[in-house]
file target-v4.cif (mmCIF, C-alpha atoms and all ligand atoms)
data_data
loop_
_atom_site.label_atom_id
_atom_site.label_comp_id
_atom_site.auth_asym_id
_atom_site.auth_seq_id
_atom_site.Cartn_x
_atom_site.Cartn_y
_atom_site.Cartn_z
CA MET U 34 0.00 0.00 0.00
CA LYS U 35 2.66 2.47 1.09
CA LEU U 36 4.90 1.66 -1.88
CA GLN U 37 2.07 2.29 -4.33
CA LYS U 38 1.36 5.68 -2.80
CA PHE U 39 5.04 6.54 -2.96
CA SER U 40 5.33 5.86 -6.67
CA GLU U 41 2.28 8.00 -7.47
CA HIS U 42 3.59 10.97 -5.57
CA GLN U 43 5.93 13.30 -7.47
CA ARG U 44 8.50 13.38 -4.73
CA HIS U 45 11.71 14.45 -6.51
CA ILE U 46 12.94 18.00 -6.97
CA GLY U 47 16.44 19.10 -7.93
CA ILE U 48 18.66 21.82 -9.28
CA ILE U 49 19.78 21.68 -12.91
CA GLY U 50 23.06 23.36 -13.81
CA HIS U 51 26.68 22.70 -14.68
CA LYS U 52 29.63 22.75 -12.27
CA ILE U 53 27.30 23.36 -9.35
CA SER U 54 28.69 21.04 -6.71
CA HIS U 55 28.58 23.92 -4.19
CA ALA U 56 24.91 24.81 -4.79
CA LEU U 57 23.06 25.74 -1.59
CA SER U 58 19.55 24.95 -2.82
CA PRO U 59 19.70 21.27 -1.74
CA ALA U 60 20.48 22.21 1.90
CA MET U 61 17.99 25.08 1.84
CA HIS U 62 15.05 23.01 0.53
CA THR U 63 15.88 19.80 2.37
CA ALA U 64 15.83 21.67 5.69
CA ALA U 65 12.39 23.08 4.77
CA PHE U 66 10.97 19.65 3.80
CA LYS U 67 12.22 18.22 7.05
CA LYS U 68 10.79 21.04 9.13
CA LEU U 69 7.32 20.65 7.55
CA ASN U 70 7.55 16.87 7.40
CA LEU U 71 7.04 16.81 3.62
CA ASP U 72 7.84 13.75 1.54
CA TYR U 73 10.18 15.29 -1.06
CA ASP U 74 13.85 14.93 -1.80
CA TYR U 75 16.12 17.47 -3.49
CA GLY U 76 19.20 16.57 -5.53
CA VAL U 77 21.83 18.09 -7.78
CA MET U 78 21.58 17.45 -11.53
CA ASP U 79 24.90 18.56 -12.94
CA VAL U 80 24.65 18.06 -16.71
CA THR U 81 26.50 19.05 -19.87
CA PRO U 82 24.61 21.07 -22.51
CA GLU U 83 24.19 17.92 -24.63
CA MET U 84 22.41 16.16 -21.77
CA LEU U 85 20.03 19.01 -20.98
CA PRO U 86 17.12 18.20 -23.41
CA ASN U 87 16.85 14.58 -22.21
CA LEU U 88 17.10 15.57 -18.59
CA VAL U 89 14.33 18.16 -18.90
CA ALA U 90 12.13 15.68 -20.80
CA SER U 91 12.66 13.10 -18.08
CA LEU U 92 11.23 15.47 -15.44
CA ARG U 93 7.82 14.63 -16.89
CA SER U 94 8.05 10.94 -16.30
CA LEU U 95 10.32 10.23 -13.37
CA ASN U 96 8.14 11.38 -10.50
CA PHE U 97 9.63 14.84 -10.54
CA ARG U 98 7.57 17.63 -9.01
CA GLY U 99 9.92 20.09 -10.65
CA ALA U 100 13.36 21.63 -10.66
CA ASN U 101 15.31 24.79 -10.11
CA VAL U 102 17.56 25.92 -12.93
CA THR U 103 20.86 27.72 -12.55
CA ILE U 104 24.01 28.68 -14.44
CA PRO U 105 24.32 28.20 -17.39
CA TYR U 106 20.82 27.00 -18.35
CA LYS U 107 18.28 29.63 -17.28
CA GLU U 108 17.76 30.71 -20.88
CA LYS U 109 18.49 27.38 -22.56
CA VAL U 110 15.62 25.54 -20.83
CA ILE U 111 12.96 27.87 -22.27
CA PRO U 112 12.48 26.06 -25.60
CA LEU U 113 12.47 22.69 -23.80
CA ILE U 114 9.39 23.31 -21.62
CA ASP U 115 5.67 23.63 -22.39
CA GLU U 116 4.74 27.01 -20.93
CA VAL U 117 6.54 30.07 -19.55
CA SER U 118 5.04 32.61 -17.10
CA GLU U 119 4.65 36.20 -18.29
CA GLU U 120 7.23 37.35 -15.75
CA ALA U 121 9.83 34.78 -16.87
CA LYS U 122 9.15 35.72 -20.50
CA MET U 123 9.80 39.39 -19.76
CA ILE U 124 12.98 38.59 -17.86
CA GLY U 125 14.05 36.10 -20.52
CA ALA U 126 15.09 33.42 -18.00
CA VAL U 127 13.52 30.51 -16.12
CA ASN U 128 14.88 29.42 -12.74
CA THR U 129 12.01 27.18 -11.63
CA ILE U 130 10.14 24.45 -13.52
CA VAL U 131 6.96 22.89 -12.12
CA ASN U 132 5.68 19.58 -13.48
CA ASN U 133 1.89 19.85 -13.63
CA ASN U 134 0.93 16.29 -14.50
CA GLY U 135 3.36 16.07 -17.39
CA ARG U 136 3.15 19.71 -18.43
CA LEU U 137 6.32 21.65 -17.61
CA VAL U 138 5.70 25.26 -16.63
CA GLY U 139 8.61 27.71 -16.19
CA TYR U 140 8.79 30.58 -13.71
CA ASN U 141 11.38 33.13 -12.63
CA THR U 142 11.45 33.46 -8.85
CA ASP U 143 14.68 35.53 -8.81
CA ALA U 144 12.57 38.67 -9.27
CA HIS U 145 10.66 37.80 -6.10
CA GLY U 146 14.01 37.30 -4.33
CA VAL U 147 15.02 40.83 -5.32
CA TYR U 148 11.62 42.19 -4.27
CA VAL U 149 11.74 40.69 -0.77
CA SER U 150 15.35 41.78 -0.30
CA LEU U 151 14.43 45.42 -1.02
CA ALA U 152 10.78 45.74 0.08
CA TYR U 153 11.70 47.39 3.38
CA TYR U 154 13.39 50.26 1.47
CA ALA U 155 10.63 50.86 -1.12
CA GLU U 156 10.21 54.53 -0.27
CA GLU U 157 13.93 55.22 -0.62
CA ILE U 158 14.04 53.64 -4.07
CA LYS U 159 10.88 55.13 -5.59
CA ASN U 160 11.63 58.15 -7.78
CA ASN U 161 15.35 57.89 -7.05
CA HIS U 162 18.44 56.74 -8.92
CA VAL U 163 19.64 53.11 -8.96
CA VAL U 164 22.93 51.71 -10.27
CA ILE U 165 22.98 48.02 -11.20
CA PHE U 166 26.29 46.28 -11.98
CA GLY U 167 26.04 43.40 -14.46
CA ALA U 168 23.95 42.49 -17.50
CA GLY U 169 23.63 38.71 -17.22
CA GLY U 170 20.63 36.57 -16.22
CA ALA U 171 20.64 37.73 -12.60
CA ALA U 172 20.85 41.35 -13.71
CA ARG U 173 17.80 40.95 -15.96
CA ALA U 174 15.69 39.64 -13.06
CA THR U 175 17.05 42.43 -10.85
CA VAL U 176 16.37 45.23 -13.33
CA TYR U 177 12.88 43.84 -13.92
CA ALA U 178 12.07 43.60 -10.19
CA VAL U 179 13.46 47.03 -9.29
CA ALA U 180 11.59 48.73 -12.17
CA LYS U 181 8.33 46.82 -11.63
CA PHE U 182 8.04 46.95 -7.85
CA PHE U 183 9.84 50.17 -6.90
CA SER U 184 9.54 52.56 -9.90
CA PRO U 185 12.85 54.43 -9.57
CA LYS U 186 13.41 57.55 -11.68
CA ARG U 187 16.57 56.13 -13.29
CA ILE U 188 18.33 52.78 -13.56
CA MET U 189 21.90 52.84 -14.82
CA ILE U 190 23.25 49.46 -15.94
CA VAL U 191 27.03 49.13 -15.72
CA ASN U 192 28.68 46.24 -17.51
CA ARG U 193 32.05 45.16 -18.85
CA THR U 194 30.45 44.10 -22.16
CA LEU U 195 28.47 47.13 -23.21
CA ASP U 196 26.31 45.30 -25.76
CA ASN U 197 24.71 43.12 -23.06
CA ALA U 198 23.73 46.23 -21.07
CA ARG U 199 22.40 47.95 -24.19
CA LEU U 200 20.09 45.00 -24.94
CA ILE U 201 18.55 45.18 -21.48
CA VAL U 202 18.01 48.94 -21.79
CA GLU U 203 16.38 48.53 -25.21
CA GLU U 204 14.11 45.74 -23.98
CA PHE U 205 12.97 47.31 -20.73
CA THR U 206 12.58 50.95 -21.85
CA PRO U 207 9.19 50.41 -23.54
CA LYS U 208 7.97 48.19 -20.69
CA PHE U 209 8.47 50.51 -17.72
CA ARG U 210 7.47 54.07 -18.52
CA LEU U 211 8.15 55.53 -15.05
CA THR U 212 11.86 54.64 -15.20
CA LYS U 213 14.58 55.91 -17.54
CA PHE U 214 17.22 53.30 -18.37
CA PHE U 215 20.86 54.05 -19.20
CA TYR U 216 23.99 51.98 -19.66
CA THR U 217 27.69 52.68 -19.51
CA ASN U 218 31.11 51.30 -18.67
CA GLU U 219 32.82 54.69 -18.30
CA HIS U 220 34.26 55.19 -14.85
CA GLU U 221 33.56 58.91 -14.65
CA VAL U 222 29.92 58.51 -15.61
CA ILE U 223 29.48 55.64 -13.16
CA THR U 224 31.12 57.60 -10.34
CA ARG U 225 28.81 60.58 -10.92
CA GLU U 226 25.72 58.37 -10.92
CA ILE U 227 26.84 56.58 -7.74
CA ASP U 228 27.09 60.01 -6.13
CA VAL U 229 23.36 60.65 -6.60
CA ALA U 230 21.97 57.11 -6.33
CA SER U 231 19.96 55.80 -3.37
CA LEU U 232 20.60 52.15 -4.26
CA LEU U 233 23.58 50.21 -5.67
CA ILE U 234 23.24 46.52 -6.60
CA ASN U 235 25.97 44.13 -7.68
CA THR U 236 24.74 41.21 -9.84
CA THR U 237 28.13 40.33 -11.34
CA SER U 238 30.40 37.58 -10.07
CA VAL U 239 32.99 40.19 -9.09
CA GLY U 240 33.45 39.70 -5.34
CA MET U 241 32.45 36.03 -5.43
CA LYS U 242 35.02 33.38 -4.62
CA PRO U 243 37.63 33.14 -6.16
CA LEU U 244 37.30 36.91 -6.93
CA ALA U 245 36.48 37.63 -3.28
CA GLY U 246 38.97 40.47 -2.88
CA LEU U 247 37.42 42.46 -5.75
CA HIS U 248 34.44 44.83 -5.98
CA PRO U 249 32.68 46.37 -8.99
CA LEU U 250 33.00 50.10 -8.08
CA PRO U 251 35.29 52.50 -9.98
CA LEU U 252 38.35 53.63 -8.03
CA ASN U 253 37.04 57.11 -7.14
CA ALA U 254 33.49 56.12 -6.24
CA VAL U 255 32.43 56.84 -2.67
CA ILE U 256 29.63 55.05 -0.82
CA GLN U 257 27.58 57.36 1.38
CA LYS U 258 25.83 56.76 4.66
CA HIS U 259 22.29 57.28 3.36
CA GLN U 260 22.68 54.73 0.55
CA ILE U 261 21.47 51.13 0.29
CA VAL U 262 23.98 48.62 -1.06
CA MET U 263 22.90 45.14 -2.13
CA ASP U 264 25.08 42.30 -3.36
CA ILE U 265 23.55 39.14 -4.79
CA VAL U 266 26.83 37.28 -4.20
CA TYR U 267 26.47 35.13 -1.06
CA ASN U 268 29.85 33.46 -0.91
CA PRO U 269 31.56 35.08 0.96
CA ILE U 270 28.58 36.09 3.15
CA GLU U 271 30.00 39.61 3.43
CA THR U 272 31.60 40.61 0.12
CA THR U 273 34.25 43.31 -0.23
CA LEU U 274 31.54 45.65 -1.59
CA LEU U 275 29.38 45.06 1.49
CA LYS U 276 32.37 45.55 3.79
CA MET U 277 33.02 48.94 2.15
CA ALA U 278 29.33 49.87 2.46
CA HIS U 279 29.30 48.77 6.07
CA ALA U 280 32.40 50.86 6.82
CA ALA U 281 30.67 53.88 5.22
CA GLY U 282 27.65 53.38 7.50
CA ALA U 283 25.36 52.50 4.56
CA LYS U 284 22.49 49.99 4.74
CA THR U 285 23.57 46.60 3.39
CA ILE U 286 21.72 43.58 2.00
CA GLY U 287 23.65 40.35 1.40
CA GLY U 288 23.03 37.70 -1.24
CA VAL U 289 21.62 35.19 1.24
CA GLU U 290 18.37 37.24 1.34
CA MET U 291 17.86 36.93 -2.41
CA LEU U 292 18.76 33.24 -2.32
CA LEU U 293 16.11 32.66 0.37
CA GLY U 294 13.57 34.90 -1.36
CA GLN U 295 13.79 33.07 -4.69
CA GLY U 296 13.85 29.74 -2.83
CA ALA U 297 10.70 30.66 -0.88
CA LYS U 298 8.70 31.35 -4.03
CA ALA U 299 9.99 28.17 -5.72
CA PHE U 300 9.18 26.10 -2.60
CA GLU U 301 5.62 27.44 -2.60
CA LEU U 302 5.21 26.63 -6.29
CA PHE U 303 6.49 23.08 -5.74
CA THR U 304 4.72 22.18 -2.50
CA HIS U 305 1.92 24.74 -1.98
CA ASN U 306 3.28 25.18 1.54
CA GLU U 307 4.67 28.32 3.14
CA PHE U 308 8.48 28.30 3.21
CA PRO U 309 9.90 28.02 6.75
CA ILE U 310 12.41 30.79 6.11
CA SER U 311 14.28 30.85 9.43
CA THR U 312 14.92 27.09 9.29
CA SER U 313 16.29 27.41 5.77
CA ARG U 314 18.32 30.51 6.60
CA GLU U 315 20.01 28.56 9.38
CA ALA U 316 20.79 25.65 7.00
CA VAL U 317 22.22 27.98 4.35
CA LEU U 318 24.39 29.90 6.82
CA LYS U 319 25.67 26.63 8.27
CA GLU U 320 26.74 25.45 4.80
CA LEU U 321 28.43 28.78 4.07
CA MET U 322 30.31 28.77 7.38
CA GLN U 323 31.38 25.20 6.66
CA SER U 324 32.73 26.15 3.22
CA HIS U 325 34.52 29.09 4.83
CA THR U 326 36.15 26.76 7.39
CA ASN U 327 37.13 24.29 4.66
CA ASP U 328 38.89 27.08 2.74
CA LYS U 329 41.14 27.91 5.67
P1 LIG V 401 24.24 35.31 -13.93
O1 LIG V 401 23.16 34.41 -14.41
O2 LIG V 401 24.71 35.00 -12.53
O3 LIG V 401 23.89 36.76 -14.10
P2 LIG V 401 25.89 35.54 -16.26
O4 LIG V 401 24.66 35.63 -17.11
O5 LIG V 401 27.05 34.72 -16.71
O6 LIG V 401 25.52 35.00 -14.81
O7 LIG V 401 26.39 37.07 -15.97
C1 LIG V 401 27.54 37.35 -15.27
C2 LIG V 401 27.70 38.87 -15.15
O8 LIG V 401 28.91 39.14 -14.42
C3 LIG V 401 27.85 39.60 -16.46
O9 LIG V 401 27.35 40.90 -16.34
C4 LIG V 401 29.38 39.62 -16.65
O10 LIG V 401 29.83 40.65 -17.51
P3 LIG V 401 29.92 40.44 -19.12
O11 LIG V 401 28.53 40.63 -19.64
O12 LIG V 401 30.87 41.48 -19.55
O13 LIG V 401 30.44 39.05 -19.31
C5 LIG V 401 29.80 39.89 -15.23
N1 LIG V 401 31.17 39.46 -14.96
C6 LIG V 401 31.60 38.19 -14.78
N2 LIG V 401 32.93 38.16 -14.51
C7 LIG V 401 33.34 39.46 -14.54
C8 LIG V 401 34.60 40.11 -14.33
N3 LIG V 401 35.72 39.43 -14.05
N4 LIG V 401 34.64 41.46 -14.42
C9 LIG V 401 33.53 42.18 -14.72
N5 LIG V 401 32.31 41.62 -14.92
C10 LIG V 401 32.22 40.28 -14.83
#
call {"tool": "encode", "arguments": {"input": "target-v4.cif", "output": "structure tokens", "more": "lines below"}}
Ligand code: ATR
result
Amino acid sequence: MKLQKFSEHQRHIGIIGHKISHALSPAMHTAAFKKLNLDYDYGVMDVTPEMLPNLVASLRSLNFRGANVTIPYKEKVIPLIDEVSEEAKMIGAVNTIVNNNGRLVGYNTDAHGVYVSLAYYAEEIKNNHVVIFGAGGAARATVYAVAKFFSPKRIMIVNRTLDNARLIVEEFTPKFRLTKFFYTNEHEVITREIDVASLLINTTSVGMKPLAGLHPLPLNAVIQKHQIVMDIVYNPIETTLLKMAHAAGAKTIGGVEMLLGQGAKAFELFTHNEFPISTSREAVLKELMQSHTNDK
């Protein structure tokens, strides 16, 4: 009897990516399942690009409730699934797939992660200037969430490869009329915009291990006390950028908040249960401390 029930229940969930042995989603979700006594397991599916189509197809049949998707497949999974939410379409990336009885539906919960990380500061962002570093998948979700939920006056996108930033500006300009979008990689222009911004967000991998000593700001840029500084990098827990912001007396938001925020929304889509955030925060911090100890 019990075995039969088991096989009918879509009990598997996992994260799809490549070179992701240090992913924190397994610990984060497993702690939540355990806390709520839910019969799911969560694994790592580290696949090469050639293996991706078969893996995604197999989610339909192998008792999978769904999957999270990470680097480098957030865009590549889109043509492999059956339906994509409006939000994920606008962002151009899927980080969560839900298997609805054989129909694979894609969502982007990164935007929700950005929203919950910044919600407390909504008034300080509205009608003000925002500088976002990066123009990759995480940047797209971040630009979308900041424009949609907080309506700043300006968003400046700063990126090493200017073309990637230009594409985001061109795509989002007609979609969010209350915000003006700009892009640059010129240090003087960036420094001037940082001077008048209320919010700075790093979405690049600059500052992430093994680039932990680095930060994305130009040499002459100065962080001010009234500013909000967010980094989506969570390893190390306090990046060099956040250390600088902290030293300047600014308000700081670390990458763990976004990780938990996107995880919460994905968890709710998978299980229809509320995410036990403090349990999962504890599990994530424990893993990060452990990796920090192992590095020493
Ligand atoms: P993600 O999905 O995490 O956003 P991604 O799409 O690979 O990952 O984007 C990585 C971002 O970090 C990009 O903005 C990238 O800049 P480019 O568009 O110029 O590649 C940025 N980035 C990565 N390594 C960098 C480095 N060493 N210096 C500056 N920017 C870097």
call {"tool": "residues_around", "arguments": {"input": "target-v4.cif", "residues": "U:Leu232", "least_positions_apart": "3", "cutoff": "10 Å", "atoms": "all atoms listed in the file", "output": "PDB file with C-alpha atoms, in the frame of the given file"}}
result
ATOM      1  CA  LEU U 151      14.430  45.420  -1.020  1.00  0.00           C
ATOM      2  CA  TYR U 154      13.390  50.260   1.470  1.00  0.00           C
ATOM      3  CA  GLU U 157      13.930  55.220  -0.620  1.00  0.00           C
ATOM      4  CA  ILE U 158      14.040  53.640  -4.070  1.00  0.00           C
ATOM      5  CA  ASN U 161      15.350  57.890  -7.050  1.00  0.00           C
ATOM      6  CA  HIS U 162      18.440  56.740  -8.920  1.00  0.00           C
ATOM      7  CA  VAL U 163      19.640  53.110  -8.960  1.00  0.00           C
ATOM      8  CA  VAL U 164      22.930  51.710 -10.270  1.00  0.00           C
ATOM      9  CA  ILE U 165      22.980  48.020 -11.200  1.00  0.00           C
ATOM     10  CA  PRO U 185      12.850  54.430  -9.570  1.00  0.00           C
ATOM     11  CA  ILE U 188      18.330  52.780 -13.560  1.00  0.00           C
ATOM     12  CA  ILE U 227      26.840  56.580  -7.740  1.00  0.00           C
ATOM     13  CA  VAL U 229      23.360  60.650  -6.600  1.00  0.00           C
ATOM     14  CA  HIS U 259      22.290  57.280   3.360  1.00  0.00           C
ATOM     15  CA  GLN U 260      22.680  54.730   0.550  1.00  0.00           C
ATOM     16  CA  ILE U 261      21.470  51.130   0.290  1.00  0.00           C
ATOM     17  CA  VAL U 262      23.980  48.620  -1.060  1.00  0.00           C
ATOM     18  CA  MET U 263      22.900  45.140  -2.130  1.00  0.00           C
ATOM     19  CA  LYS U 284      22.490  49.990   4.740  1.00  0.00           C
ATOM     20  CA  THR U 285      23.570  46.600   3.390  1.00  0.00           C
TER      21      THR U 285
END
call {"tool": "residues_near_ligand", "arguments": {"input": "target-v4.cif", "ligand": "ligand LIG 401 (chain V)", "cutoff": "10 Å", "atoms": "all atoms listed in the file", "output": "NGL selection string"}}
result
:U and (103-108 or 126 or 128 or 165-175 or 190-198 or 218 or 235-241 or 244 or 247-249 or 265-266)
call {"tool": "closest_residue", "arguments": {"input": "target-v4.cif", "among": "U:Lys276, U:Lys52, U:His62, U:Lys181", "to": "U:Met78", "atoms": "only C-alpha atoms"}}
result
U:Lys52
call {"tool": "atom_distance", "arguments": {"input": "target-v4.cif", "atom1": "atom CA of U:His55", "atom2": "atom CA of U:Gly296"}}
result
15.9 Å
call {"tool": "atom_distance", "arguments": {"input": "target-v4.cif", "atom1": "atom CA of U:Lys319", "atom2": "atom CA of U:Arg44"}}
result
25.3 Å
call {"tool": "residues_around", "arguments": {"input": "target-v4.cif", "residues": "U:Glu301", "least_positions_apart": "2", "cutoff": "12 Å", "atoms": "all atoms listed in the file", "output": "PyMOL selection string"}}
result
chain U and resi 62+65-66+98-99+129+131+140+142+294-299+303-310
call {"tool": "closest_residue", "arguments": {"input": "target-v4.cif", "among": "U:Val255, U:Ser150, U:Ile114, U:His45", "to": "U:Leu274", "atoms": "only C-alpha atoms"}}
result
U:Val255
call {"tool": "atom_distance", "arguments": {"input": "target-v4.cif", "atom1": "atom CA of U:Asn96", "atom2": "atom CA of U:Gly47"}}
result
11.6 Å
call {"tool": "closest_residue", "arguments": {"input": "target-v4.cif", "among": "U:Ile286, U:Leu233, U:Leu318, U:Val77", "to": "U:Ile46", "atoms": "only C-alpha atoms"}}
result
U:Val77
call {"tool": "residues_around", "arguments": {"input": "target-v4.cif", "residues": "U:Phe215", "least_positions_apart": "2", "cutoff": "8 Å", "atoms": "only C-alpha atoms", "output": "list in words"}}
result
Arg187, Ile188, Met189, Ile190, Val202, Lys213 and Thr217 of chain U
call {"tool": "closest_residue", "arguments": {"input": "target-v4.cif", "among": "U:Ile49, U:Leu252, U:Ala64, U:Ala278", "to": "U:Asp264", "atoms": "only C-alpha atoms"}}
result
U:Ala278
call {"tool": "residues_around", "arguments": {"input": "target-v4.cif", "residues": "U:Ala281", "least_positions_apart": "4", "cutoff": "7 Å", "atoms": "only C-alpha atoms", "output": "list in words"}}
result
Ile256, Gln257, Lys258 and Met277 of chain U
call {"tool": "residues_around", "arguments": {"input": "target-v4.cif", "residues": "U:Glu116", "least_positions_apart": "3", "cutoff": "7 Å", "atoms": "all atoms listed in the file", "output": "ChimeraX atom specification"}}
result
/U:137-139
call {"tool": "closest_residue", "arguments": {"input": "target-v4.cif", "among": "U:Val317, U:Ala152, U:Leu95, U:Val89", "to": "U:Gln43", "atoms": "all atoms listed in the file"}}
result
U:Leu95
call {"tool": "closest_residue", "arguments": {"input": "target-v4.cif", "among": "U:Gly146, U:Gly76, U:Gly288, U:Gly282", "to": "U:Ala178", "atoms": "only C-alpha atoms"}}
result
U:Gly146
